[in-house]
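Engineer: Below you will find the structure I want to go over with you.
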Number of protein chains: 2
Amino acid sequence: MEIPYKIYLEESELPKQWYNVRADMPNKPAPLMNPGTHETATLDELSAVFCRELAEQELDDTNRFIDIPEEIQSFYRMYRPAPLVRAYCLEKALDTPAKIYYKFEGNNTSGSHKLNSAIAQAYYAKKQGLKGVTTETGAGQWGTALSMACAYFDLDCRVYMVKVSYEQKPFRREVMRTYGANVTPSPSDTTNVGRKILAEFPGTTGSLGCAISEAVEAAVSTEGYRYVLGSVLNQVLLHQSVIGLETMAACDKYDIKPDVIIGCAGGGSNLGGLIAPFMGRKLRGEADYQFIAVEPASCPTLTRGKFAYDFCDTGKVCPLAKMYTLGSGFIPSPNHAGGLRYHGMSSTVSQLYHDGLMEARSCEQTSVFQAAEQFARIEGILPAPESSHAIRVALDEAMRCKETGEEKTILFGLTGTGYFDMVAYQKYNDGEMSDYIPTDEDIAASLAKLPEV
Amino acid sequence: MEIPYKIYLEESELPKQWYNVRADMPNKPAPLMNPGTHETATLDELSAVFCRELAEQELDDTNRFIDIPEEIQSFYRMYRPAPLVRAYCLEKALDTPAKIYYKFEGNNTSGSHKLNSAIAQAYYAKKQGLKGVTTETGAGQWGTALSMACAYFDLDCRVYMVKVSYEQKPFRREVMRTYGANVTPSPSDTTNVGRKILAEFPGTTGSLGCAISEAVEAAVSTEGYRYVLGSVLNQVLLHQSVIGLETMAACDKYDIKPDVIIGCAGGGSNLGGLIAPFMGRKLRGEADYQFIAVEPASCPTLTRGKFAYDFCDTGKVCPLAKMYTLGSGFIPSPNHAGGLRYHGMSSTVSQLYHDGLMEARSCEQTSVFQAAEQFARIEGILPAPESSHAIRVALDEAMRCKETGEEKTILFGLTGTGYFDMVAYQKYNDGEMSDYIPTDEDIAASLAKLPEV
């Protein structure tokens, strides 16, 4: 069968249920833990911070499929299906016998896959009768996605944006404002934790850890509000399974059998969503795939971190999660892939990696941008720095096939576009980009401060 | 038949020929004229500035269909088909009996329909054995599209970017550089005309007219180069007919019969391309449609201009064209829809308008951004300021249907996204946007300087 350049599923073929990979995992991801008592976090505890139904999804490791509410399906139809693209031009340019496919999640105004979970979380907040939600954003992709979702459901959206990003990425901020979000530079004087930090460090430009703490405080101290998060959590991976389900349906429809599946990994939301149903087949013994998580060498969570319980935030207010981590105090060296700078990794992805069901690689920044530029020129899409980590490894794998003559089918997740990351491209274009890799001592020092559990 | 949210044609259904509306026009657009002799411009004269085959297309008003070369079809398949979207959410939010559709051309890295002609012009340049092409860009959409096209065909691309845009829109510039283009702020010391202007006005921030003059000089004075243009010309409208052909194929497939077809109009490339095949049916008496061109009130070419021969550029180096014009010396008042600030209009669109085959309306800037914001929040796509002119009139028409109860089918062209226009959105969000409308005296003064032909 001839494969088109882009496979768009029919609307009738779109997933009507999310797939919960935890149901098929022999070793379940370890439960969240109360940071004070070190007991397993309960539904009631989680429901004080998250919407009730989302907390239920967080704890559910037995139901294989969960219905996607019709309202969410309806929103998905505005920007989905995302195309599964056959990279004919790239294959030709590389002169490789490999077949290369990518699932492109960037064809929406948030510019990434983040919208898949944002709309779900906004829906459950609306259904619960809440007035609004709070969150933090660093690079701004998640904040943008949540703003769009909240505008759709007429929910108030309060975003704490790391001050340095607020000032250096004014355009991201304006997209959020256009969608009606209230964007506050963090640290701010709107929360106790913000005021405390401002008093202690008057000139601080903020951090993701601080912004999380402010967003959580704002949620639990405001009637009718909850906190929402764009990655790491099981519920987020569940929603993101729509990526993998669509990809698998398109592959099955055209009899495409991927050998290697590659995704960039920050908190694990895209990677976890892309691989989920394929991993399910592998776990059930129905098929086999090579899965590769790609992370920046500057924040090598899987490749150099430790599998242990740790804080999810630097403010240490959230539950503890068992995951690969570099320590919640780990400060990644400067890196333009803001979405991949998290110290930890989704518990689900961590468990799968720990069980030897997937691999991980780390890439240096300049080689990632070299891949991004090459891809942009050949395939016509200017990728996000985060996504370009997956491109780097896909190119490497394709070139290896050229050496060996193997006709492998390579599939990777292209999570988004880089239109709001041109400062990074400018550095690369000007030859001013550098690579930073933490030393063993840096990582050991950070890991020494893991909580004793 | 149930209409999906988004109609994507199959690759086998994509147009294999462009449609040349001039072939069906009883009154052909007037020919280009040599600015010195006032004689009709010949193929040889045009070929000194443009690629030979493009000059032939420019003069061809008899062939109804022109084959799209396979290499261009192949590139089109990387980002086309563009979806024809049924705006279900918008219809619901407006509570209108009207059916609203839009053809969305923004799903590519150039962010607009400009790529449709850029790749064609780059192809013919490559085929002619040229080393490269030159062009000018104001807002940057066209320059971006041409950079992408040249990267694909490995052609040198020299872009003269109006200095004020070069400095204020660094991200557009960086996208072009990422695609390997040589971007020069205009006026520059690389051309005679640039040096002359710099000597005369040392602090000037440039103008589109000056940038055109530099680009033309660079092309004709460099061995193996030609000049290319992103709008206004007949050849550009020919390439852009791919928009209308896809739209018509999708409409026919789902038995959608548009009553009103709306497009924003700057030089006329998008509007002309969108309406072309529908206009063909109207001209041949096979169907009837209401066509509406929408322009900014600050640059009201069709609604307040004169139908006459005029210079296409302020430098007066290009051929004269018969068109609706405000005079080549007309300085539009500040407006964020940079792509709609041209003093003239495509000769083809001008002739159709002059013959009463279509209408025109002008909109003020703040009401355009109000429509843009409403659309973004409901349909999830943050539109370009240019495209938002069409949205404004589509919303007006839909609300009129609500009053009258008419179940009209409204179709408009959504030419692109506004991701590089956030400065404009910021002004709107901050309540600092204003409306400027030229006085009758302004326009009369500019029109007094039309060339005597």
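The way I read the labels, and the way they are meant: chains A, B, ... in the order of the structure tokens, residue 1 as the first residue of every chain, and ligand 1 as the first ligand shown, with later ones counted on from there.
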Skipping near chain neighbours, those fewer than 4 positions away, what residues fall within 9 Å of range 312-318 of chain A using only C-alpha atoms, listed as an MDAnalysis selection string?

Structural biologist: chainID A and resid 34:35 207:213 216 232 328:330 343:344

Engineer: Would you return as a compact mmCIF listing (two decimals) with N, CA, C and O atoms, in the first residue's frame the members of range 142-345 of chain A that DSSP assigns to helix (DSSP H, G or I) on this structure's backbone?

Structural biologist:
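So result.txt came out as:
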# COMPACT_ATOMS: atom_id res chain seq x y z
N TRP A 142 3.17 25.04 28.45
CA TRP A 142 2.07 24.52 29.25
C TRP A 142 1.10 25.63 29.63
O TRP A 142 -0.12 25.46 29.54
N GLY A 143 1.62 26.77 30.02
CA GLY A 143 0.75 27.89 30.37
C GLY A 143 -0.13 28.31 29.21
O GLY A 143 -1.31 28.61 29.37
N THR A 144 0.44 28.29 28.01
CA THR A 144 -0.34 28.65 26.83
C THR A 144 -1.45 27.64 26.60
O THR A 144 -2.61 28.01 26.35
N ALA A 145 -1.10 26.37 26.68
CA ALA A 145 -2.09 25.32 26.46
C ALA A 145 -3.23 25.43 27.48
O ALA A 145 -4.41 25.35 27.13
N LEU A 146 -2.87 25.65 28.73
CA LEU A 146 -3.91 25.73 29.76
C LEU A 146 -4.78 26.96 29.57
O LEU A 146 -6.00 26.90 29.78
N SER A 147 -4.18 28.06 29.14
CA SER A 147 -4.96 29.27 28.88
C SER A 147 -6.01 29.02 27.80
O SER A 147 -7.16 29.46 27.92
N MET A 148 -5.60 28.32 26.75
CA MET A 148 -6.54 28.01 25.67
C MET A 148 -7.67 27.13 26.17
O MET A 148 -8.85 27.34 25.85
N ALA A 149 -7.32 26.13 26.98
CA ALA A 149 -8.32 25.20 27.49
C ALA A 149 -9.31 25.92 28.41
O ALA A 149 -10.52 25.68 28.36
N CYS A 150 -8.78 26.80 29.26
CA CYS A 150 -9.66 27.52 30.19
C CYS A 150 -10.55 28.50 29.46
O CYS A 150 -11.72 28.70 29.84
N ALA A 151 -10.05 29.14 28.41
CA ALA A 151 -10.89 30.04 27.62
C ALA A 151 -12.06 29.26 27.03
O ALA A 151 -13.19 29.75 27.01
N TYR A 152 -11.80 28.04 26.60
CA TYR A 152 -12.84 27.23 25.96
C TYR A 152 -13.95 26.88 26.95
O TYR A 152 -15.12 26.88 26.60
N PHE A 153 -13.56 26.58 28.20
CA PHE A 153 -14.56 26.19 29.20
C PHE A 153 -14.94 27.36 30.12
O PHE A 153 -15.59 27.14 31.15
N LYS A 163 9.82 34.55 36.65
CA LYS A 163 10.00 35.96 36.31
C LYS A 163 10.94 36.17 35.12
O LYS A 163 10.66 36.98 34.23
N VAL A 164 12.00 35.42 35.07
CA VAL A 164 12.95 35.62 33.97
C VAL A 164 12.31 35.29 32.62
O VAL A 164 12.55 35.97 31.62
N SER A 165 11.44 34.27 32.61
CA SER A 165 10.72 33.96 31.38
C SER A 165 9.68 35.03 31.06
O SER A 165 9.49 35.42 29.91
N TYR A 166 8.99 35.48 32.11
CA TYR A 166 7.97 36.53 31.94
C TYR A 166 8.58 37.74 31.24
O TYR A 166 7.95 38.33 30.36
N GLU A 167 9.81 38.05 31.62
CA GLU A 167 10.44 39.24 31.04
C GLU A 167 11.10 38.94 29.69
O GLU A 167 11.08 39.77 28.79
N GLN A 168 11.67 37.74 29.56
CA GLN A 168 12.41 37.43 28.33
C GLN A 168 11.54 36.82 27.24
O GLN A 168 11.94 36.77 26.09
N PRO A 170 8.15 37.74 26.33
CA PRO A 170 6.90 38.51 26.42
C PRO A 170 5.82 38.00 25.46
O PRO A 170 4.64 38.18 25.71
N PHE A 171 6.23 37.34 24.38
CA PHE A 171 5.23 36.92 23.39
C PHE A 171 4.43 35.73 23.89
O PHE A 171 3.22 35.64 23.66
N ARG A 172 5.10 34.81 24.57
CA ARG A 172 4.36 33.72 25.21
C ARG A 172 3.34 34.28 26.19
O ARG A 172 2.20 33.84 26.25
N ARG A 173 3.81 35.25 26.96
CA ARG A 173 2.93 35.89 27.95
C ARG A 173 1.72 36.50 27.25
O ARG A 173 0.59 36.37 27.73
N GLU A 174 1.94 37.14 26.11
CA GLU A 174 0.83 37.81 25.42
C GLU A 174 -0.15 36.80 24.82
O GLU A 174 -1.34 37.09 24.73
N VAL A 175 0.34 35.65 24.39
CA VAL A 175 -0.60 34.63 23.91
C VAL A 175 -1.52 34.24 25.06
O VAL A 175 -2.74 34.17 24.90
N MET A 176 -0.93 34.01 26.23
CA MET A 176 -1.75 33.63 27.39
C MET A 176 -2.75 34.73 27.73
O MET A 176 -3.93 34.46 27.99
N ARG A 177 -2.31 35.97 27.68
CA ARG A 177 -3.22 37.08 27.99
C ARG A 177 -4.34 37.17 26.94
O ARG A 177 -5.49 37.47 27.28
N THR A 178 -3.99 36.90 25.70
CA THR A 178 -5.01 36.94 24.64
C THR A 178 -6.10 35.91 24.93
O THR A 178 -7.27 36.13 24.61
N ASN A 192 2.10 33.95 50.24
CA ASN A 192 3.03 33.98 51.37
C ASN A 192 4.42 33.55 50.95
O ASN A 192 5.42 34.18 51.29
N VAL A 193 4.47 32.43 50.22
CA VAL A 193 5.77 31.92 49.84
C VAL A 193 6.48 32.89 48.91
O VAL A 193 7.70 33.10 49.01
N GLY A 194 5.72 33.56 48.04
CA GLY A 194 6.32 34.55 47.15
C GLY A 194 6.88 35.73 47.93
O GLY A 194 8.01 36.17 47.70
N ARG A 195 6.07 36.24 48.86
CA ARG A 195 6.52 37.38 49.67
C ARG A 195 7.78 37.03 50.47
O ARG A 195 8.70 37.82 50.58
N LYS A 196 7.79 35.81 51.00
CA LYS A 196 8.94 35.38 51.80
C LYS A 196 10.22 35.34 50.94
O LYS A 196 11.28 35.81 51.35
N ILE A 197 10.08 34.78 49.76
CA ILE A 197 11.25 34.69 48.88
C ILE A 197 11.70 36.07 48.43
O ILE A 197 12.90 36.37 48.39
N LEU A 198 10.72 36.94 48.14
CA LEU A 198 11.08 38.30 47.71
C LEU A 198 11.83 39.04 48.83
O LEU A 198 12.76 39.80 48.56
N ALA A 199 11.38 38.81 50.07
CA ALA A 199 12.03 39.48 51.19
C ALA A 199 13.46 38.97 51.36
O ALA A 199 14.39 39.73 51.65
N GLU A 200 13.62 37.66 51.14
CA GLU A 200 14.93 37.05 51.36
C GLU A 200 15.89 37.35 50.20
O GLU A 200 17.07 37.61 50.39
N LEU A 208 11.36 27.57 38.69
CA LEU A 208 10.17 26.75 38.52
C LEU A 208 9.68 26.26 39.88
O LEU A 208 8.48 26.23 40.14
N GLY A 209 10.61 25.89 40.74
CA GLY A 209 10.25 25.40 42.08
C GLY A 209 9.44 26.43 42.85
O GLY A 209 8.44 26.09 43.49
N CYS A 210 9.86 27.66 42.77
CA CYS A 210 9.15 28.73 43.47
C CYS A 210 7.77 28.95 42.84
O CYS A 210 6.78 29.13 43.55
N ALA A 211 7.72 28.91 41.51
CA ALA A 211 6.44 29.14 40.82
C ALA A 211 5.44 28.04 41.16
O ALA A 211 4.25 28.30 41.35
N ILE A 212 5.92 26.79 41.26
CA ILE A 212 5.04 25.68 41.66
C ILE A 212 4.48 25.96 43.05
O ILE A 212 3.28 25.85 43.30
N SER A 213 5.36 26.34 43.98
CA SER A 213 4.91 26.59 45.35
C SER A 213 3.86 27.69 45.38
O SER A 213 2.85 27.59 46.10
N GLU A 214 4.06 28.76 44.60
CA GLU A 214 3.07 29.84 44.57
C GLU A 214 1.74 29.35 44.00
O GLU A 214 0.68 29.68 44.51
N ALA A 215 1.83 28.56 42.91
CA ALA A 215 0.60 28.09 42.27
C ALA A 215 -0.18 27.16 43.19
O ALA A 215 -1.41 27.24 43.29
N VAL A 216 0.54 26.29 43.90
CA VAL A 216 -0.14 25.37 44.82
C VAL A 216 -0.76 26.17 45.97
O VAL A 216 -1.93 25.95 46.33
N GLU A 217 -0.04 27.11 46.52
CA GLU A 217 -0.59 27.93 47.62
C GLU A 217 -1.83 28.69 47.14
O GLU A 217 -2.85 28.73 47.85
N ALA A 218 -1.74 29.26 45.95
CA ALA A 218 -2.89 30.02 45.43
C ALA A 218 -4.10 29.12 45.26
O ALA A 218 -5.24 29.52 45.53
N ALA A 219 -3.87 27.88 44.85
CA ALA A 219 -4.99 26.95 44.63
C ALA A 219 -5.63 26.54 45.95
O ALA A 219 -6.86 26.62 46.10
N VAL A 220 -4.82 26.10 46.91
CA VAL A 220 -5.42 25.55 48.13
C VAL A 220 -5.96 26.64 49.04
O VAL A 220 -6.78 26.38 49.91
N ASN A 234 0.71 10.71 36.52
CA ASN A 234 0.09 9.60 35.79
C ASN A 234 -1.10 10.06 34.95
O ASN A 234 -1.32 9.58 33.84
N GLN A 235 -1.91 10.96 35.54
CA GLN A 235 -3.09 11.47 34.82
C GLN A 235 -2.69 12.15 33.51
O GLN A 235 -3.39 12.04 32.50
N VAL A 236 -1.56 12.84 33.53
CA VAL A 236 -1.10 13.54 32.32
C VAL A 236 -0.70 12.52 31.25
O VAL A 236 -1.05 12.65 30.08
N LEU A 237 0.02 11.49 31.67
CA LEU A 237 0.40 10.44 30.70
C LEU A 237 -0.83 9.75 30.14
O LEU A 237 -0.87 9.38 28.97
N LEU A 238 -1.83 9.58 31.00
CA LEU A 238 -3.09 8.98 30.53
C LEU A 238 -3.69 9.81 29.40
O LEU A 238 -4.02 9.28 28.33
N HIS A 239 -3.82 11.12 29.63
CA HIS A 239 -4.40 11.99 28.58
C HIS A 239 -3.53 11.98 27.33
O HIS A 239 -4.03 12.00 26.21
N GLN A 240 -2.23 11.99 27.54
CA GLN A 240 -1.33 12.04 26.38
C GLN A 240 -1.30 10.72 25.60
O GLN A 240 -0.74 10.68 24.50
N SER A 241 -1.92 9.69 26.13
CA SER A 241 -1.97 8.43 25.37
C SER A 241 -2.71 8.62 24.05
O SER A 241 -2.58 7.79 23.15
N VAL A 242 -3.45 9.72 23.92
CA VAL A 242 -4.13 9.99 22.65
C VAL A 242 -3.10 10.08 21.51
O VAL A 242 -3.39 9.73 20.36
N ILE A 243 -1.89 10.54 21.83
CA ILE A 243 -0.83 10.62 20.81
C ILE A 243 -0.51 9.22 20.29
O ILE A 243 -0.50 8.95 19.09
N GLY A 244 -0.24 8.32 21.24
CA GLY A 244 0.13 6.96 20.84
C GLY A 244 -1.01 6.20 20.20
O GLY A 244 -0.79 5.42 19.25
N LEU A 245 -2.22 6.41 20.70
CA LEU A 245 -3.37 5.69 20.14
C LEU A 245 -3.61 6.09 18.69
O LEU A 245 -3.85 5.24 17.83
N GLU A 246 -3.54 7.39 18.42
CA GLU A 246 -3.69 7.83 17.03
C GLU A 246 -2.56 7.27 16.16
O GLU A 246 -2.78 6.84 15.03
N THR A 247 -1.36 7.31 16.70
CA THR A 247 -0.20 6.83 15.94
C THR A 247 -0.36 5.35 15.63
O THR A 247 -0.13 4.91 14.49
N MET A 248 -0.77 4.60 16.63
CA MET A 248 -0.93 3.15 16.42
C MET A 248 -2.05 2.86 15.42
O MET A 248 -1.91 1.98 14.55
N ALA A 249 -3.14 3.61 15.51
CA ALA A 249 -4.24 3.40 14.55
C ALA A 249 -3.77 3.68 13.13
O ALA A 249 -4.10 2.95 12.18
N ALA A 250 -2.99 4.75 12.97
CA ALA A 250 -2.49 5.10 11.64
C ALA A 250 -1.51 4.02 11.15
O ALA A 250 -1.54 3.61 9.98
N CYS A 251 -0.65 3.55 12.04
CA CYS A 251 0.31 2.48 11.67
C CYS A 251 -0.44 1.22 11.26
O CYS A 251 -0.12 0.60 10.23
N ASP A 252 -1.42 0.85 12.05
CA ASP A 252 -2.16 -0.38 11.74
C ASP A 252 -2.91 -0.25 10.42
O ASP A 252 -2.95 -1.19 9.62
N LYS A 253 -3.47 0.94 10.19
CA LYS A 253 -4.24 1.17 8.97
C LYS A 253 -3.38 1.00 7.72
O LYS A 253 -3.84 0.48 6.71
N SER A 269 5.76 13.41 29.67
CA SER A 269 4.37 13.42 29.21
C SER A 269 4.23 13.02 27.75
O SER A 269 3.35 12.24 27.39
N ASN A 270 5.09 13.56 26.90
CA ASN A 270 4.99 13.23 25.48
C ASN A 270 5.47 11.81 25.24
O ASN A 270 4.80 11.01 24.59
N LEU A 271 6.64 11.50 25.76
CA LEU A 271 7.19 10.16 25.57
C LEU A 271 6.23 9.11 26.08
O LEU A 271 5.91 8.12 25.40
N GLY A 272 5.74 9.31 27.31
CA GLY A 272 4.83 8.34 27.90
C GLY A 272 3.56 8.17 27.09
O GLY A 272 3.05 7.06 26.93
N GLY A 273 3.05 9.28 26.56
CA GLY A 273 1.84 9.20 25.75
C GLY A 273 2.06 8.53 24.42
O GLY A 273 1.23 7.73 23.96
N LEU A 274 3.18 8.84 23.79
CA LEU A 274 3.48 8.27 22.48
C LEU A 274 3.68 6.76 22.56
O LEU A 274 3.15 6.00 21.74
N ILE A 275 4.44 6.32 23.54
CA ILE A 275 4.79 4.89 23.56
C ILE A 275 3.73 4.03 24.23
O ILE A 275 3.72 2.81 24.04
N ALA A 276 2.82 4.65 25.01
CA ALA A 276 1.93 3.87 25.87
C ALA A 276 1.30 2.65 25.19
O ALA A 276 1.52 1.51 25.64
N PRO A 277 0.52 2.82 24.10
CA PRO A 277 -0.15 1.63 23.57
C PRO A 277 0.82 0.63 22.93
O PRO A 277 0.55 -0.57 22.93
N PHE A 278 1.93 1.13 22.41
CA PHE A 278 2.94 0.21 21.87
C PHE A 278 3.57 -0.59 23.02
O PHE A 278 3.80 -1.79 22.92
N MET A 279 3.84 0.11 24.12
CA MET A 279 4.37 -0.57 25.30
C MET A 279 3.38 -1.61 25.80
O MET A 279 3.78 -2.71 26.22
N GLY A 280 2.10 -1.26 25.72
CA GLY A 280 1.07 -2.23 26.11
C GLY A 280 1.19 -3.52 25.31
O GLY A 280 1.14 -4.62 25.86
N ARG A 281 1.38 -3.39 24.01
CA ARG A 281 1.54 -4.58 23.17
C ARG A 281 2.78 -5.37 23.58
O ARG A 281 2.78 -6.60 23.59
N LYS A 282 3.84 -4.62 23.88
CA LYS A 282 5.08 -5.28 24.28
C LYS A 282 4.88 -6.01 25.61
O LYS A 282 5.29 -7.17 25.76
N LEU A 283 4.22 -5.35 26.54
CA LEU A 283 4.00 -5.95 27.85
C LEU A 283 3.10 -7.19 27.74
O LEU A 283 3.25 -8.14 28.51
N THR A 301 18.41 12.96 33.62
CA THR A 301 17.66 12.31 34.68
C THR A 301 17.73 10.78 34.61
O THR A 301 18.06 10.11 35.60
N LEU A 302 17.38 10.23 33.46
CA LEU A 302 17.36 8.77 33.33
C LEU A 302 18.77 8.20 33.24
O LEU A 302 19.08 7.17 33.86
N THR A 303 19.61 8.88 32.47
CA THR A 303 20.93 8.29 32.19
C THR A 303 21.91 8.44 33.35
O THR A 303 22.85 7.66 33.47
N ARG A 304 21.72 9.41 34.22
CA ARG A 304 22.68 9.59 35.31
C ARG A 304 22.01 9.80 36.66
O ARG A 304 22.69 10.04 37.67
N GLY A 338 13.76 24.37 27.50
CA GLY A 338 13.21 24.63 28.83
C GLY A 338 12.29 23.54 29.32
O GLY A 338 12.18 23.30 30.52
N GLY A 339 11.62 22.87 28.38
CA GLY A 339 10.68 21.82 28.76
C GLY A 339 11.36 20.53 29.20
O GLY A 339 10.69 19.60 29.64
N LEU A 340 12.68 20.47 29.08
CA LEU A 340 13.38 19.22 29.46
C LEU A 340 14.32 19.46 30.64
O LEU A 340 15.28 18.73 30.84

Engineer: Would you give me, as JSON lines, each residue of chain A having an atom within 8 Å of an atom of chain B, along with its shortest atom pair and that distance in Å to one decimal, using only C-alpha atoms and sorting by chain and residue number?

Structural biologist:
{"residue": "A:Pro4", "atom": "CA", "partner": "B:Glu11", "partner_atom": "CA", "distance": 6.8}
{"residue": "A:Tyr5", "atom": "CA", "partner": "B:Arg77", "partner_atom": "CA", "distance": 6.2}
{"residue": "A:Lys6", "atom": "CA", "partner": "B:Met78", "partner_atom": "CA", "distance": 7.4}
{"residue": "A:Tyr8", "atom": "CA", "partner": "B:Tyr8", "partner_atom": "CA", "distance": 7.6}
{"residue": "A:Glu11", "atom": "CA", "partner": "B:Pro4", "partner_atom": "CA", "distance": 6.8}
{"residue": "A:Arg77", "atom": "CA", "partner": "B:Tyr5", "partner_atom": "CA", "distance": 6.2}
{"residue": "A:Met78", "atom": "CA", "partner": "B:Tyr5", "partner_atom": "CA", "distance": 6.4}
{"residue": "A:Asn107", "atom": "CA", "partner": "B:Asn107", "partner_atom": "CA", "distance": 6.2}
{"residue": "A:Asn108", "atom": "CA", "partner": "B:Ile381", "partner_atom": "CA", "distance": 6.7}
{"residue": "A:Thr109", "atom": "CA", "partner": "B:Ile381", "partner_atom": "CA", "distance": 5.4}
{"residue": "A:Met148", "atom": "CA", "partner": "B:Arg377", "partner_atom": "CA", "distance": 6.6}
{"residue": "A:Ala151", "atom": "CA", "partner": "B:Arg377", "partner_atom": "CA", "distance": 5.8}
{"residue": "A:Tyr152", "atom": "CA", "partner": "B:Ile378", "partner_atom": "CA", "distance": 6.2}
{"residue": "A:Phe171", "atom": "CA", "partner": "B:Met422", "partner_atom": "CA", "distance": 5.4}
{"residue": "A:Glu174", "atom": "CA", "partner": "B:Gln426", "partner_atom": "CA", "distance": 5.8}
{"residue": "A:Val175", "atom": "CA", "partner": "B:Met422", "partner_atom": "CA", "distance": 7.2}
{"residue": "A:Arg177", "atom": "CA", "partner": "B:Asn429", "partner_atom": "CA", "distance": 7.1}
{"residue": "A:Thr178", "atom": "CA", "partner": "B:Glu373", "partner_atom": "CA", "distance": 6.4}
{"residue": "A:Tyr179", "atom": "CA", "partner": "B:Arg377", "partner_atom": "CA", "distance": 5.8}
{"residue": "A:Glu373", "atom": "CA", "partner": "B:Thr178", "partner_atom": "CA", "distance": 6.4}
{"residue": "A:Ala376", "atom": "CA", "partner": "B:Tyr179", "partner_atom": "CA", "distance": 7.3}
{"residue": "A:Arg377", "atom": "CA", "partner": "B:Ala151", "partner_atom": "CA", "distance": 5.7}
{"residue": "A:Ile378", "atom": "CA", "partner": "B:Tyr152", "partner_atom": "CA", "distance": 6.2}
{"residue": "A:Glu379", "atom": "CA", "partner": "B:Met78", "partner_atom": "CA", "distance": 7.1}
{"residue": "A:Gly380", "atom": "CA", "partner": "B:Thr109", "partner_atom": "CA", "distance": 6.6}
{"residue": "A:Ile381", "atom": "CA", "partner": "B:Thr109", "partner_atom": "CA", "distance": 5.4}
{"residue": "A:Leu382", "atom": "CA", "partner": "B:Thr109", "partner_atom": "CA", "distance": 6.1}
{"residue": "A:Tyr419", "atom": "CA", "partner": "B:Tyr419", "partner_atom": "CA", "distance": 7.1}
{"residue": "A:Phe420", "atom": "CA", "partner": "B:Tyr419", "partner_atom": "CA", "distance": 7.8}
{"residue": "A:Met422", "atom": "CA", "partner": "B:Phe171", "partner_atom": "CA", "distance": 5.4}
{"residue": "A:Val423", "atom": "CA", "partner": "B:Phe171", "partner_atom": "CA", "distance": 7.3}
{"residue": "A:Tyr425", "atom": "CA", "partner": "B:Glu174", "partner_atom": "CA", "distance": 6.8}
{"residue": "A:Gln426", "atom": "CA", "partner": "B:Glu174", "partner_atom": "CA", "distance": 5.8}
{"residue": "A:Asn429", "atom": "CA", "partner": "B:Thr178", "partner_atom": "CA", "distance": 6.6}

Engineer: As a list of chain:residue names, which residues of range 173-242 of chain A does DSSP assign to strand (DSSP E)?

Structural biologist: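 Output for range 173-242 of chain A, strand (DSSP E) only: A:Asn182, A:Val183, A:Thr184, A:Pro185, A:Ser186, A:Tyr225, A:Arg226, A:Tyr227.
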
Engineer: Any idea what the distance is between CA of Thr40 in chain B and CA of Pro319 in chain B?

Structural biologist: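 Taking CA of Thr40 in chain B and CA of Pro319 in chain B, their separation equals 9.2 Å.
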
Engineer: CA of Asp95 in chain B to CA of Phe369 in chain B: how many Å, to one decimal?

Structural biologist: 20.9 Å

Engineer: One decimal, in Å: what's the spacing between CA of Ala181 in chain A and CA of His336 in chain B?

Structural biologist: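 Atom-to-atom, CA of Ala181 in chain A to CA of His336 in chain B, that is 22.9 Å.
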
Engineer: Please identify all polymer residues within 8 Å of range 23-25 of chain A, counting only C-alpha atoms, omitting same-chain residues fewer than 6 positions from it, and present them as an NGL selection string.

Structural biologist: :A and (61-64 or 280 or 283-284)

Engineer: When you look at Ile66 in chain B with a cut-off of 9 Å (counting only C-alpha atoms), what residues show up, excluding the ones that are within fewer than 5 positions of it in the same chain? I need them as a list in words.

Structural biologist: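 Contacts, in chain order: Lys16, Gln17, Trp18, Tyr19, Asn20, Gln57 and Leu238 of chain B.
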
Engineer: Create the file for the chosen residues now, containing C-alpha atoms and written as a PDB file, in the first residue's frame.

Structural biologist:
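Everything below was put into result.pdb:
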ATOM      1  CA  LYS B  16      -2.303  18.714 -10.322  1.00  0.00           C
ATOM      2  CA  GLN B  17      -2.875  21.957 -12.253  1.00  0.00           C
ATOM      3  CA  TRP B  18      -3.182  25.572 -11.256  1.00  0.00           C
ATOM      4  CA  TYR B  19      -6.247  27.442 -12.484  1.00  0.00           C
ATOM      5  CA  ASN B  20      -5.733  30.659 -14.429  1.00  0.00           C
ATOM      6  CA  GLN B  57       2.897  32.838 -16.756  1.00  0.00           C
ATOM      7  CA  LEU B 238      -1.983  31.589 -10.456  1.00  0.00           C
TER       8      LEU B 238
END

Engineer: Any idea what's packed within 6 Å of range 348-358 of chain B, counting only C-alpha atoms, ignoring anything in its chain fewer than 6 positions away? Could you give it as a list of chain:residue names?

Structural biologist: B:Pro29, B:Phe291, B:Met323, B:Tyr324
